[in-house]
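Worksheet: one structure, shown below.
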Amino acid sequence: MAWLTSFLVSAGLSDRRARQLAIGLVLILLIIGVWIAKLIYDRRVIANHEAGSAAVQAQADRAADAAAATVRRTDDARLQAEAEALEKVTENAIKSDIGAARRAYYDCVRLQQQARSAGRLAPAC
């Protein structure tokens, strides 16, 4: 601050005015420095918080993916078992002489099974 005061005095200002101006400039620089430090601190706190939130979210996503995969495997196994059972029933029905109504029913169930396994809406036969 003494250097700034002597510089302002040499610039033609009075000693009192130079000291006041030097104090004002130092205060302004101090306020700007504190403001910049606060901005840096805030950004660091926000970055740490977002990193923690992203880690928690990623862990939750992995758990949800695992649960969905389990459900898909269960659904696939159920659909496969239904398809095999239906195939056995219809093969036995075709081998034996059944009526047209029963054969139409089996055909409808097969269409519904195929639609469900393809992810479409099952037709109402």
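Residue numbers start at 1 in each chain; chains themselves are named A, B, ... in the order of the structure tokens; ligands are numbered from 1 in the order shown.
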Which residues come within 8 Å of A:Leu111, counting only C-alpha atoms, excluding same-chain residues fewer than 3 positions away, as a tab-separated table (two decimals) with C-alpha atoms, in the first residue's frame?
chain	number	residue	atom	x	y	z
A	107	ASP	CA	-54.38	-71.76	-33.62
A	108	CYS	CA	-55.62	-68.64	-31.83
A	114	GLN	CA	-46.25	-65.45	-31.01
A	115	ALA	CA	-47.52	-61.88	-30.64
A	122	ALA	CA	-52.06	-60.32	-28.57
A	123	PRO	CA	-54.98	-60.63	-31.01
(request) Give me the residues within 10 Å of A:Ser6 as a list of chain:residue names, counting only C-alpha atoms and dropping any in the same chain fewer than 6 places off. (result)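 In the requested form, the answer reads A:Leu13, A:Asp15, A:Ala18, A:Arg19, A:Ala22.
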(request) Rounded to one decimal place, report the atom CA of A:Arg116-atom CA of A:Leu86 distance in Å. (result)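 Value for the atom CA of A:Arg116-atom CA of A:Leu86 distance: 13.8 Å.
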(request) Go through A:Thr70, A:Leu4, A:Ser53, A:Arg62 one by one, measure the shortest atom-to-atom distance of each to A:Leu21 using only C-alpha atoms, and give the residue with the smallest value. (result)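 That would be A:Leu4, the residue with the smallest distance to A:Leu21.
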(request) Fewer than 3 positions away in the same chain doesn't count, so skip those; otherwise give me all residues within 12 Å of A:Tyr105, counting only C-alpha atoms, as an MDAnalysis selection string. (result) chainID A and resid 86 89:90 93 98:102 108:112 124:125
What would the file look like if the residues just selected were written as an mmCIF file, in the first residue's frame with N, CA and C atoms?
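Below is the file that was written, selection15.cif:
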data_model
loop_
_atom_site.group_PDB
_atom_site.id
_atom_site.type_symbol
_atom_site.label_atom_id
_atom_site.label_comp_id
_atom_site.auth_asym_id
_atom_site.auth_seq_id
_atom_site.Cartn_x
_atom_site.Cartn_y
_atom_site.Cartn_z
ATOM 1 N N LEU A 86 -47.647 -75.627 -25.486
ATOM 2 C CA LEU A 86 -48.625 -75.458 -26.553
ATOM 3 C C LEU A 86 -48.272 -76.327 -27.752
ATOM 4 N N VAL A 89 -49.256 -79.877 -26.960
ATOM 5 C CA VAL A 89 -50.712 -80.034 -27.005
ATOM 6 C C VAL A 89 -51.200 -80.050 -28.438
ATOM 7 N N THR A 90 -50.725 -79.115 -29.244
ATOM 8 C CA THR A 90 -51.204 -79.049 -30.627
ATOM 9 C C THR A 90 -50.703 -80.230 -31.445
ATOM 10 N N ALA A 93 -52.961 -82.913 -30.493
ATOM 11 C CA ALA A 93 -54.284 -82.657 -31.036
ATOM 12 C C ALA A 93 -54.319 -82.930 -32.536
ATOM 13 N N ILE A 98 -59.405 -84.121 -33.770
ATOM 14 C CA ILE A 98 -60.201 -83.236 -32.922
ATOM 15 C C ILE A 98 -61.100 -82.414 -33.814
ATOM 16 N N GLY A 99 -61.995 -81.727 -33.194
ATOM 17 C CA GLY A 99 -62.935 -80.932 -33.956
ATOM 18 C C GLY A 99 -62.312 -79.632 -34.445
ATOM 19 N N ALA A 100 -63.003 -79.011 -35.365
ATOM 20 C CA ALA A 100 -62.530 -77.760 -35.961
ATOM 21 C C ALA A 100 -62.486 -76.642 -34.929
ATOM 22 N N ALA A 101 -63.401 -76.624 -33.993
ATOM 23 C CA ALA A 101 -63.436 -75.566 -32.973
ATOM 24 C C ALA A 101 -62.208 -75.648 -32.080
ATOM 25 N N ARG A 102 -61.826 -76.865 -31.679
ATOM 26 C CA ARG A 102 -60.665 -77.038 -30.834
ATOM 27 C C ARG A 102 -59.395 -76.649 -31.595
ATOM 28 N N CYS A 108 -55.511 -69.972 -32.427
ATOM 29 C CA CYS A 108 -55.619 -68.640 -31.826
ATOM 30 C C CYS A 108 -54.626 -68.478 -30.682
ATOM 31 N N VAL A 109 -54.516 -69.496 -29.836
ATOM 32 C CA VAL A 109 -53.576 -69.427 -28.724
ATOM 33 C C VAL A 109 -52.153 -69.313 -29.259
ATOM 34 N N ARG A 110 -51.837 -70.024 -30.316
ATOM 35 C CA ARG A 110 -50.498 -69.945 -30.905
ATOM 36 C C ARG A 110 -50.225 -68.531 -31.440
ATOM 37 N N LEU A 111 -51.209 -67.909 -32.107
ATOM 38 C CA LEU A 111 -51.037 -66.534 -32.595
ATOM 39 C C LEU A 111 -50.812 -65.562 -31.438
ATOM 40 N N GLN A 112 -51.563 -65.753 -30.372
ATOM 41 C CA GLN A 112 -51.388 -64.883 -29.207
ATOM 42 C C GLN A 112 -50.004 -65.066 -28.595
ATOM 43 N N ALA A 124 -57.277 -60.760 -30.335
ATOM 44 C CA ALA A 124 -58.451 -61.346 -29.695
ATOM 45 C C ALA A 124 -59.153 -62.182 -30.747
ATOM 46 N N CYS A 125 -58.889 -63.460 -30.741
ATOM 47 C CA CYS A 125 -59.441 -64.355 -31.774
ATOM 48 C C CYS A 125 -60.888 -64.664 -31.538
#
(request) Return the single residue from A:Arg43, A:Leu27, A:Lys38, A:Gln113 that is closest to A:Glu87, with distances computed using only C-alpha atoms. (result) A:Gln113
(message) If I take atom CA of A:Arg120 and atom CA of A:Asp76, how far is one from the other in Å, to one decimal?
(response)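 Distance between the two atoms: 14.5 Å.
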(request) Using atom CA of A:Asp75 and atom CA of A:Ser117 as the two end points, give the distance in Å to one decimal. (result)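 Straight-line distance from atom CA of A:Asp75 to atom CA of A:Ser117 works out to 9.0 Å.
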